[in-house]
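Here is final.txt, consisting of compact mmCIF, C-alpha atoms:
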# COMPACT_ATOMS: atom_id res chain seq x y z
CA MET A 1 167.85 217.98 60.50
CA TYR A 2 170.41 219.82 62.62
CA ALA A 3 172.20 217.92 65.40
CA PHE A 4 170.99 218.00 69.00
CA ASP A 5 171.44 215.94 72.13
CA TYR A 6 168.58 213.43 72.56
CA GLN A 7 167.59 212.09 75.96
CA LYS A 8 164.82 209.71 76.93
CA PRO A 9 164.27 209.64 80.71
CA SER A 10 161.93 207.08 82.25
CA ASP A 11 160.52 209.17 85.10
CA VAL A 12 159.31 212.73 85.66
CA ASP A 13 162.12 213.75 88.05
CA SER A 14 164.82 212.75 85.55
CA ALA A 15 162.98 214.60 82.79
CA VAL A 16 162.76 217.78 84.87
CA ALA A 17 166.47 217.48 85.75
CA ALA A 18 167.34 217.07 82.05
CA LEU A 19 165.25 220.11 81.17
CA LYS A 20 167.36 222.29 83.49
CA SER A 21 170.29 222.13 81.04
CA GLU A 22 170.85 225.06 78.71
CA GLY A 23 168.70 225.05 75.55
CA ALA A 24 166.68 221.98 76.55
CA GLN A 25 163.12 221.40 75.44
CA PRO A 26 160.63 218.58 76.01
CA LEU A 27 159.48 216.36 73.14
CA SER A 28 156.18 214.53 73.41
CA GLY A 29 154.54 212.93 70.35
CA GLY A 30 156.51 215.25 68.08
CA GLN A 31 153.77 215.69 65.48
CA THR A 32 154.09 219.47 65.68
CA LEU A 33 157.61 219.79 67.03
CA ILE A 34 159.46 217.52 64.57
CA PRO A 35 158.19 219.36 61.45
CA THR A 36 159.04 222.63 63.25
CA LEU A 37 162.60 221.41 63.89
CA LYS A 38 162.99 220.47 60.22
CA MET A 39 162.11 224.03 59.23
CA ARG A 40 164.53 225.28 61.92
CA LEU A 41 161.83 227.49 63.37
CA ASN A 42 162.89 226.05 66.69
CA MET A 43 166.40 224.72 67.43
CA PRO A 44 166.74 223.34 70.96
CA GLU A 45 170.18 221.97 71.87
CA VAL A 46 168.74 219.16 73.97
CA LEU A 47 165.50 217.29 73.31
CA VAL A 48 164.04 215.46 76.28
CA ASP A 49 161.70 212.75 74.98
CA LEU A 50 158.85 212.24 77.46
CA SER A 51 157.41 209.17 75.72
CA GLY A 52 159.30 206.74 77.96
CA ILE A 53 157.59 207.95 81.15
CA GLU A 54 154.99 205.28 81.82
CA SER A 55 153.43 207.17 84.76
CA MET A 56 152.34 209.89 82.30
CA LYS A 57 150.33 207.47 80.14
CA GLY A 58 146.83 206.14 80.47
CA ILE A 59 143.25 207.03 81.30
CA SER A 60 141.35 206.30 84.51
CA ARG A 61 138.07 207.32 86.11
CA ASP A 62 137.87 208.30 89.77
CA GLY A 63 134.27 209.14 90.71
CA ASP A 64 133.28 212.18 88.67
CA THR A 65 136.76 212.89 87.33
CA ILE A 66 138.50 211.48 84.27
CA HIS A 67 142.28 211.45 84.65
CA VAL A 68 144.29 211.52 81.42
CA GLY A 69 148.08 211.16 81.53
CA ALA A 70 149.82 213.87 79.51
CA ALA A 71 151.66 211.36 77.30
CA THR A 72 148.39 209.67 76.29
CA THR A 73 147.85 209.77 72.53
CA HIS A 74 144.83 211.22 70.75
CA GLY A 75 144.15 207.72 69.43
CA ALA A 76 143.99 206.27 72.94
CA ILE A 77 141.66 209.07 74.09
CA ALA A 78 139.37 208.55 71.08
CA LYS A 79 139.15 204.79 71.75
CA SER A 80 138.77 205.00 75.55
CA ALA A 81 135.49 203.45 76.70
CA ASP A 82 135.62 205.58 79.88
CA ILE A 83 135.88 208.81 77.90
CA GLN A 84 133.36 207.73 75.26
CA SER A 85 130.73 207.15 77.95
CA ALA A 86 131.59 210.01 80.35
CA ILE A 87 132.68 212.80 77.98
CA PRO A 88 131.65 211.85 74.44
CA GLY A 89 132.56 215.33 73.18
CA LEU A 90 136.19 214.77 74.23
CA ALA A 91 136.40 211.31 72.60
CA HIS A 92 134.91 212.72 69.41
CA GLN A 93 137.29 215.68 69.51
CA ALA A 94 140.34 213.39 69.79
CA SER A 95 139.04 211.18 66.96
CA ARG A 96 139.04 214.14 64.57
CA ILE A 97 142.56 215.47 65.20
CA GLY A 98 144.88 215.27 62.17
CA ASP A 99 144.76 211.76 60.69
CA PRO A 100 145.05 208.23 62.16
CA ALA A 101 148.86 208.08 61.99
CA VAL A 102 149.22 211.49 63.66
CA ARG A 103 146.73 210.44 66.36
CA ASN A 104 148.84 207.38 67.16
CA ARG A 105 151.80 209.62 68.09
CA GLY A 106 150.45 213.04 69.12
CA THR A 107 149.65 213.52 72.82
CA ILE A 108 147.25 215.67 74.82
CA GLY A 109 150.07 217.05 76.98
CA GLY A 110 152.11 218.10 73.97
CA ALA A 111 149.11 219.69 72.33
CA ILE A 112 148.05 221.80 75.30
CA ALA A 113 151.64 222.81 76.16
CA ASN A 114 151.99 224.12 72.59
CA ASN A 115 148.64 225.96 72.81
CA ASP A 116 148.23 226.45 69.08
CA PRO A 117 145.41 228.98 68.61
CA ALA A 118 143.64 226.43 66.40
CA ALA A 119 144.35 223.33 68.51
CA CYS A 120 141.30 221.29 69.53
CA TYR A 121 141.99 220.32 73.17
CA PRO A 122 142.19 223.82 74.71
CA SER A 123 138.45 224.15 73.97
CA ALA A 124 137.64 220.93 75.84
CA CYS A 125 139.85 221.98 78.77
CA MET A 126 138.13 225.38 79.04
CA ALA A 127 134.56 224.15 78.52
CA LEU A 128 134.96 221.24 80.96
CA ASN A 129 136.87 223.35 83.51
CA ALA A 130 139.76 220.89 83.43
CA THR A 131 142.67 220.96 85.85
CA ILE A 132 146.12 220.90 84.28
CA VAL A 133 148.54 218.93 86.47
CA THR A 134 152.28 219.67 86.19
CA ASN A 135 155.30 218.31 88.05
CA THR A 136 154.97 221.16 90.56
CA ARG A 137 151.34 222.32 90.74
CA GLU A 138 147.76 222.15 89.53
CA LEU A 139 146.25 224.93 87.43
CA SER A 140 142.76 225.61 86.15
CA ALA A 141 142.53 225.67 82.36
CA ALA A 142 141.69 229.39 82.55
CA ASN A 143 144.98 230.05 84.37
CA PHE A 144 146.98 227.73 82.10
CA PHE A 145 146.19 229.05 78.60
CA LEU A 146 147.61 232.59 78.46
CA GLY A 147 147.39 233.42 74.75
CA MET A 148 148.65 232.33 71.33
CA TYR A 149 151.33 229.60 71.85
CA THR A 150 151.65 230.82 75.44
CA THR A 151 150.93 228.94 78.65
CA ALA A 152 151.70 229.36 82.35
CA LEU A 153 154.38 226.64 82.13
CA GLU A 154 157.83 227.57 83.48
CA GLU A 155 161.01 226.55 81.60
CA ASP A 156 161.56 223.27 83.44
CA GLU A 157 157.91 222.50 84.13
CA ILE A 158 156.01 219.81 82.24
CA VAL A 159 152.36 218.86 82.03
CA THR A 160 151.96 215.43 83.62
CA ALA A 161 148.18 214.96 83.44
CA VAL A 162 144.83 216.59 82.73
CA LYS A 163 141.84 216.05 85.02
CA PHE A 164 138.40 216.47 83.45
CA PRO A 165 135.28 216.76 85.63
CA VAL A 166 132.52 214.62 84.07
CA PRO A 167 129.77 216.88 82.64
CA SER A 168 126.11 215.91 82.15
CA GLY A 169 126.46 216.60 78.42
CA SER A 170 129.25 217.46 75.98
CA SER A 171 129.74 218.04 72.27
CA TYR A 172 132.59 219.30 70.11
CA GLN A 173 131.87 220.65 66.65
CA LYS A 174 134.78 221.27 64.29
CA PHE A 175 134.69 223.11 60.99
CA ASP A 176 137.74 221.71 59.21
CA GLN A 177 140.38 223.68 57.41
CA PRO A 178 140.87 220.75 55.04
CA ALA A 179 144.53 221.34 54.14
CA SER A 180 145.86 221.59 57.69
CA ARG A 181 143.13 219.44 59.31
CA PHE A 182 143.06 221.96 62.15
CA PRO A 183 139.71 223.56 62.93
CA LEU A 184 138.98 226.79 61.11
CA VAL A 185 136.68 227.19 64.10
CA GLY A 186 135.89 224.62 66.79
CA VAL A 187 133.26 224.94 69.54
CA PHE A 188 133.04 222.78 72.67
CA VAL A 189 129.78 222.94 74.64
CA ALA A 190 129.56 221.35 78.10
CA LYS A 191 126.58 221.09 80.44
CA THR A 192 128.05 221.21 83.94
CA ALA A 193 126.75 221.56 87.49
CA GLU A 194 127.76 225.26 87.34
CA GLY A 195 125.83 225.88 84.13
CA VAL A 196 126.57 225.66 80.43
CA ARG A 197 130.12 226.43 79.28
CA VAL A 198 131.01 227.27 75.68
CA ALA A 199 134.66 227.40 74.57
CA VAL A 200 135.86 228.46 71.13
CA THR A 201 139.12 227.56 69.38
CA GLY A 202 140.52 228.55 66.00
CA ALA A 203 138.85 231.94 66.10
CA GLY A 204 140.32 234.14 68.83
CA SER A 205 143.42 236.25 68.16
CA ASP A 206 144.56 235.31 71.68
CA GLY A 207 143.71 231.64 71.32
CA VAL A 208 140.95 229.73 73.08
CA PHE A 209 138.20 231.69 74.88
CA ARG A 210 134.82 231.19 76.54
CA HIS A 211 131.82 233.02 75.15
CA GLU A 212 129.82 234.59 77.98
CA GLY A 213 126.83 235.60 75.85
CA LEU A 214 126.31 232.09 74.55
CA GLU A 215 126.82 230.57 78.00
CA GLN A 216 124.22 232.87 79.59
CA ALA A 217 121.67 232.24 76.85
CA LEU A 218 122.16 228.45 76.99
CA SER A 219 122.13 228.33 80.80
CA GLY A 220 118.70 230.01 80.58
CA SER A 221 117.34 227.85 77.78
CA PHE A 222 119.39 224.97 76.35
CA SER A 223 118.16 225.20 72.77
CA ALA A 224 119.35 226.15 69.30
CA ASP A 225 116.81 228.99 69.34
CA ALA A 226 118.54 230.51 72.35
CA VAL A 227 121.81 230.57 70.34
CA GLY A 228 120.02 232.40 67.53
CA GLY A 229 119.23 235.34 69.78
CA VAL A 230 122.88 235.91 70.82
CA THR A 231 125.07 238.45 69.06
CA VAL A 232 128.57 237.04 68.47
CA SER A 233 130.92 239.93 67.82
CA SER A 234 133.77 239.60 65.31
CA ASP A 235 135.97 241.89 67.44
CA GLY A 236 139.23 240.16 68.35
CA LEU A 237 138.70 237.24 65.97
CA MET A 238 141.42 236.03 63.58
CA LYS A 239 141.64 237.15 59.99
CA ASP A 240 143.54 235.05 57.42
CA LEU A 241 143.12 233.79 53.86
CA HIS A 242 140.77 231.06 55.08
CA GLY A 243 138.21 233.32 56.73
CA THR A 244 137.33 236.83 57.86
CA PRO A 245 136.50 237.64 61.49
CA GLU A 246 132.85 237.99 60.45
CA TYR A 247 132.88 234.52 58.85
CA ARG A 248 134.41 233.03 62.00
CA ALA A 249 131.82 234.82 64.18
CA ASN A 250 129.06 233.23 62.11
CA LEU A 251 130.71 229.79 62.38
CA ILE A 252 130.78 230.13 66.17
CA LYS A 253 126.99 230.42 66.21
CA VAL A 254 126.42 227.67 63.66
CA LEU A 255 128.73 225.22 65.47
CA THR A 256 127.27 226.09 68.89
CA LYS A 257 123.79 225.30 67.56
CA ARG A 258 124.99 221.96 66.21
CA ALA A 259 126.61 221.11 69.54
CA VAL A 260 123.42 221.97 71.46
CA GLN A 261 121.34 219.86 69.07
CA GLU A 262 123.72 216.93 69.48
CA ILE A 263 123.57 217.09 73.29
CA GLY A 264 119.77 217.46 73.05
CA MET B 1 175.77 207.39 67.45
CA THR B 2 173.93 204.65 69.26
CA THR B 3 172.87 201.21 68.10
CA ILE B 4 169.15 200.67 67.72
CA THR B 5 167.77 197.15 67.65
CA MET B 6 164.22 196.53 66.53
CA THR B 7 162.11 193.82 64.96
CA VAL B 8 161.58 194.83 61.34
CA ASN B 9 159.15 192.74 59.31
CA GLY B 10 159.54 189.90 61.78
CA LYS B 11 163.35 189.86 61.89
CA GLU B 12 165.58 191.37 64.54
CA ARG B 13 167.71 194.10 62.94
CA SER B 14 170.24 196.60 64.30
CA GLY B 15 171.53 199.85 62.89
CA LYS B 16 173.29 203.05 63.89
CA ALA B 17 171.38 206.22 64.65
CA GLU B 18 171.98 209.72 65.96
CA GLY B 19 169.47 211.50 68.17
CA ARG B 20 168.17 213.36 65.15
CA THR B 21 167.77 210.26 62.92
CA LEU B 22 164.22 209.88 61.70
CA LEU B 23 162.63 206.43 61.51
CA VAL B 24 162.14 206.80 57.76
CA ASP B 25 165.83 207.57 57.15
CA PHE B 26 166.87 204.68 59.41
CA LEU B 27 164.66 202.26 57.47
CA ARG B 28 165.83 203.49 54.08
CA THR B 29 169.56 203.92 54.70
CA GLU B 30 170.44 201.58 57.59
CA MET B 31 167.96 198.80 56.80
CA GLY B 32 167.97 199.23 53.03
CA LEU B 33 164.17 199.18 52.97
CA THR B 34 163.45 201.85 50.37
CA GLY B 35 159.79 200.95 49.90
CA THR B 36 158.88 203.49 52.58
CA HIS B 37 158.92 206.84 50.80
CA VAL B 38 159.58 210.43 51.80
CA GLY B 39 157.03 212.62 50.09
CA CYS B 40 156.46 215.93 51.83
CA ASP B 41 158.75 215.40 54.84
CA THR B 42 156.28 217.53 56.86
CA SER B 43 153.95 214.72 58.00
CA GLN B 44 151.12 215.74 55.67
CA CYS B 45 151.28 213.28 52.74
CA GLY B 46 151.47 209.86 54.38
CA CYS B 47 153.94 208.27 51.91
CA CYS B 48 156.11 207.28 54.89
CA VAL B 49 153.43 205.46 56.92
CA VAL B 50 154.68 202.28 58.60
CA HIS B 51 153.34 200.26 61.53
CA VAL B 52 155.07 200.59 64.90
CA ASN B 53 153.90 198.09 67.53
CA GLY B 54 150.82 197.49 65.38
CA GLU B 55 149.79 201.12 64.86
CA SER B 56 150.29 203.29 61.78
CA VAL B 57 152.71 206.19 62.26
CA LYS B 58 154.39 208.70 59.98
CA ALA B 59 158.02 207.59 59.88
CA CYS B 60 159.16 211.08 58.83
CA ALA B 61 157.81 212.52 62.08
CA THR B 62 159.25 209.92 64.46
CA PHE B 63 162.79 209.80 65.86
CA VAL B 64 164.23 206.30 65.82
CA SER B 65 166.29 206.95 68.98
CA GLY B 66 163.32 206.30 71.21
CA MET B 67 162.36 203.09 69.43
CA ASP B 68 164.80 200.48 70.66
CA GLY B 69 162.89 197.19 70.95
CA ALA B 70 159.95 198.30 68.80
CA GLU B 71 158.21 196.08 66.27
CA VAL B 72 158.11 197.76 62.87
CA THR B 73 156.31 196.62 59.74
CA THR B 74 157.00 198.29 56.39
CA ILE B 75 155.55 197.77 52.93
CA GLU B 76 158.21 195.10 52.38
CA GLY B 77 156.55 193.12 55.18
CA MET B 78 153.13 193.12 53.53
CA ALA B 79 153.89 190.44 50.95
CA ASN B 80 153.05 186.78 51.61
CA ASP B 81 155.81 184.48 52.84
CA ASP B 82 156.32 183.08 49.32
CA GLY B 83 156.93 186.59 47.98
CA SER B 84 153.55 186.95 46.27
CA LEU B 85 151.51 190.09 46.89
CA GLY B 86 149.51 190.31 50.10
CA VAL B 87 145.73 190.83 49.94
CA MET B 88 145.84 194.65 50.10
CA GLN B 89 148.72 194.86 47.62
CA ALA B 90 147.00 192.48 45.17
CA SER B 91 143.78 194.47 45.50
CA PHE B 92 145.54 197.75 44.61
CA LYS B 93 147.01 196.00 41.55
CA GLU B 94 143.72 194.43 40.51
CA HIS B 95 141.66 197.62 40.89
CA HIS B 96 144.28 200.01 39.54
CA GLY B 97 144.56 201.81 42.88
CA LEU B 98 147.77 203.46 41.75
CA GLN B 99 149.29 205.25 38.82
CA CYS B 100 152.80 206.54 39.56
CA GLY B 101 152.91 204.45 42.74
CA PHE B 102 154.78 206.91 44.93
CA CYS B 103 152.05 207.19 47.57
CA THR B 104 151.12 203.50 47.37
CA PRO B 105 153.28 202.11 50.20
CA GLY B 106 151.74 204.60 52.64
CA MET B 107 148.24 203.99 51.26
CA ILE B 108 148.60 200.24 51.73
CA MET B 109 149.98 200.60 55.27
CA SER B 110 147.18 203.01 56.27
CA ALA B 111 144.47 200.93 54.60
CA THR B 112 145.75 197.78 56.32
CA ASP B 113 145.58 199.56 59.68
CA LEU B 114 142.02 200.66 58.86
CA LEU B 115 140.87 197.09 58.21
CA ALA B 116 142.55 195.94 61.42
CA ASN B 117 140.43 198.50 63.32
CA ASN B 118 137.29 198.27 61.18
CA PRO B 119 137.03 195.13 59.00
CA SER B 120 134.10 196.39 56.90
CA PRO B 121 134.36 200.17 56.56
CA SER B 122 131.90 202.27 54.56
CA GLU B 123 133.16 204.34 51.63
CA ASP B 124 132.94 207.43 53.84
CA GLU B 125 134.97 205.75 56.58
CA ILE B 126 137.66 204.74 54.06
CA ARG B 127 137.92 208.28 52.69
CA THR B 128 138.02 209.80 56.19
CA TRP B 129 140.67 207.35 57.38
CA LEU B 130 142.88 208.00 54.35
CA LYS B 131 142.81 211.77 54.65
CA GLY B 132 146.39 211.71 55.92
CA ASN B 133 147.49 209.99 52.69
CA ILE B 134 147.70 212.19 49.63
CA CYS B 135 147.64 210.89 46.04
CA ARG B 136 148.14 213.22 43.09
CA CYS B 137 147.32 210.69 40.34
CA THR B 138 144.27 208.58 40.97
CA GLY B 139 141.64 210.97 42.26
CA TYR B 140 141.19 208.37 45.03
CA HIS B 141 138.22 206.49 43.49
CA ASN B 142 140.23 203.41 42.61
CA ILE B 143 142.04 203.51 45.92
CA VAL B 144 138.67 203.35 47.70
CA LYS B 145 137.61 200.46 45.40
CA SER B 146 140.87 198.65 46.18
CA VAL B 147 140.31 198.93 49.93
CA GLN B 148 136.66 197.83 49.62
CA ALA B 149 137.72 194.81 47.55
CA ALA B 150 140.46 193.90 50.02
CA ALA B 151 137.93 194.13 52.87
CA ALA B 152 135.59 191.80 50.97
CA THR B 153 138.41 189.34 50.20
CA MET B 154 139.50 189.28 53.84
CA ALA B 155 135.89 188.81 55.01
CA GLY B 156 135.54 185.92 52.56
CA ALA B 157 138.73 184.33 53.86
CA ARG B 158 137.49 184.68 57.46
CA GLU B 159 134.18 183.03 56.57
CA ALA B 160 135.95 180.20 54.75
CA ALA B 161 138.15 179.67 57.80
CA GLU B 162 135.08 179.34 60.00
File written out as structure tokens:
Amino acid sequence: MYAFDYQKPSDVDSAVAALKSEGAQPLSGGQTLIPTLKMRLNMPEVLVDLSGIESMKGISRDGDTIHVGAATTHGAIAKSADIQSAIPGLAHQASRIGDPAVRNRGTIGGAIANNDPAACYPSACMALNATIVTNTRELSAANFFLGMYTTALEEDEIVTAVKFPVPSGSSYQKFDQPASRFPLVGVFVAKTAEGVRVAVTGAGSDGVFRHEGLEQALSGSFSADAVGGVTVSSDGLMKDLHGTPEYRANLIKVLTKRAVQEIG
Amino acid sequence: MTTITMTVNGKERSGKAEGRTLLVDFLRTEMGLTGTHVGCDTSQCGCCVVHVNGESVKACATFVSGMDGAEVTTIEGMANDDGSLGVMQASFKEHHGLQCGFCTPGMIMSATDLLANNPSPSEDEIRTWLKGNICRCTGYHNIVKSVQAAAATMAGAREAAE
């Protein structure tokens, strides 16, 4: 590992101040970033560890909103009784990320700030119409995720929390790529007051996206049969050694059906 | 260099670390605890799993700089006080849950964390939990048997205590 300056502030303001120095980058759980540093694919001069900021940890429910601190681990989200009862799809999603040891370190804020095109959480954020809270502003998920590994975050801006409106039903279905444990395709279906929302990860060349055709069909009739009648185009879907765009398009339909059946 | 003080296997220990020092390197070189292995060094294989504040983590994907005051348990802390093998270790020996043994420290740390969360896991739950621990020798069957046997032994000990 190359040498860098390591800082561990205990509040958001100090973290933001530290991030203003040249070549600084935030570190959350490190489960993606630390392996990336070892390969020298990324070489920040200063790493600002956010794990000491207590105000960015924890889960609470306020009426019809679940508030998740950005430094909350996947393991804590998976085990949260509030999330299990209010948004079971989100608890299940967190429980399937990586492996238990990774889930004890990796955080939701780190994951969404990285916006890996095959990350799980962006699908929950899009399907549930989550609000991404940063140290300066609040953004809708649609305005936050801007494409592969790209978000609306500025250089010295950090995600401090994610607010999830509680849906009437939710399910996340993941088709594992067994070597990486990322989804080859993942589909999050949410029944909300504004209708059914379907978000897809692991498939789009630009990262997470919502599927209008599936949403319209399911808002009309919430059934697996309704999914069957929708054409899912392979245009714009990823192609790699694990799957063709056509294969991924088919998985989107299969996983959407499974999610609908689970919600019932 | 800064001095990091943590409780390792029940004893307070201090060592020197740079910002870039990984927990696994700190344990192996500063603490002399070489039971925790580096397999892949990319957080895939699980040979480096240790417990930090009671939860399993991959020590190759954790900087030690942020861990002042933490409680760490390594494979060396899994033995009984008299030096004999702990329940999970003895079970791996009894059921031949290892061949070359390189992955075994991580397997035992992960399996111990599993039983702390779920004292009587199904075979499927054991296999799912251990998917972050890779073994190239055993084909996993005897590892699963070892964990099942350890779960049964621990359940027996709990019943006897009641």
Find the residues near Lys93 (chain B): any atom within 12 Å, counting all atoms listed in the file, skip ones fewer than 2 places away on the same chain, and give them as a list of chain:residue names.
-> B:Leu85, B:Gly86, B:Val87, B:Met88, B:Gln89, B:Ala90, B:Ser91, B:His95, B:His96, B:Gly97, B:Leu98, B:Gln99, B:Gly101, B:Thr104, B:Ile108, B:Asn142, B:Ile143, B:Lys145, B:Ser146, B:Val147, B:Ala149, B:Ala150
Gly52 (chain A) surroundings by all atoms listed in the file, 12 Å radius, close-in-sequence under 4 positions cut, as a PyMOL selection string | (chain A and resi 7-12+14-15+27-29+48+56-57+70-72) or (chain B and resi 65-68)
What residues in chain A lie within 7 Å of chain B, counting only C-alpha atoms, written as a list in words?
-> Met1, Ala3, Phe4, Asp5, Tyr6, Lys8, Gly30, Gln31, Ile34, Pro35, Asp99, Pro100, Ala101, Val102, Asn104 and Arg105 of chain A
Please give the centre and size of the box around region 89-107 of chain B (axis-aligned, containing every atom listed in the file, 6 Å added per side), with values in Å to one decimal and written as AutoDock Vina command-line options.
--center_x 148.2 --center_y 199.8 --center_z 45.7 --size_x 25.1 --size_y 26.7 --size_z 25.8
Near Ala226 (chain A), within 10 Å and counting only C-alpha atoms, which residues show up once chain neighbours fewer than 6 positions away are dropped, as an mmCIF file with C-alpha atoms, keeping the file's coordinate frame?
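What ended up in part-v1.cif:
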data_model
loop_
_atom_site.group_PDB
_atom_site.id
_atom_site.type_symbol
_atom_site.label_atom_id
_atom_site.label_comp_id
_atom_site.auth_asym_id
_atom_site.auth_seq_id
_atom_site.Cartn_x
_atom_site.Cartn_y
_atom_site.Cartn_z
ATOM 1 C CA LEU A 214 126.310 232.090 74.550
ATOM 2 C CA GLN A 216 124.220 232.870 79.590
ATOM 3 C CA ALA A 217 121.670 232.240 76.850
ATOM 4 C CA LEU A 218 122.160 228.450 76.990
ATOM 5 C CA SER A 219 122.130 228.330 80.800
ATOM 6 C CA GLY A 220 118.700 230.010 80.580
ATOM 7 C CA LYS A 257 123.790 225.300 67.560
ATOM 8 C CA VAL A 260 123.420 221.970 71.460
#
For Leu184 (chain A): contacts at 9 Å, only C-alpha atoms, fewer than 2 positions along chain excluded, given as an MDAnalysis selection string | chainID A and resid 118 174:178 181:182 186 201:203 242:243 248 251
Atomic distance CA of Asn115 (chain A) - CA of Val208 (chain A), expressed in Å with one decimal | 8.6 Å
Two-atom distance - CA of Gly69 (chain B), CA of Thr3 (chain B) (Å) = 11.1 Å
Radius query 9 Å about (155.7, 215.9, 84.4), atoms used: only C-alpha atoms, as a count of residues only = 18
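Distance-wise, CA of Asn53 (chain B) and CA of Ala157 (chain B) end up 24.6 Å apart.
The residue that comes closest to Leu146 (chain A), out of A:Gln93, A:Ser170, A:Thr256, A:Ser205 and on the basis of only C-alpha atoms, is A:Ser205.
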Who sits within 9 Å of Lys16 (chain B), all atoms listed in the file, same chain under 3 positions skipped, as a ChimeraX atom specification | /B:1-5,26,30
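You can rank B:Pro105, B:Gly39, B:Glu94, B:Ala155 by their closest distance to Pro119 (chain B) using all atoms listed in the file, and at the top of that list sits B:Ala155.
With distances taken from (120.7, 220.9, 67.7) and restricted to all atoms listed in the file, the residues inside 12 Å are Ser171, Gln173, Val189, Phe222, Ser223, Ala224, Asp225, Ala226, Val227, Gly228, Lys253, Val254, Leu255, Thr256, Lys257, Arg258, Ala259, Val260, Gln261, Glu262, Ile263 and Gly264 of chain A.
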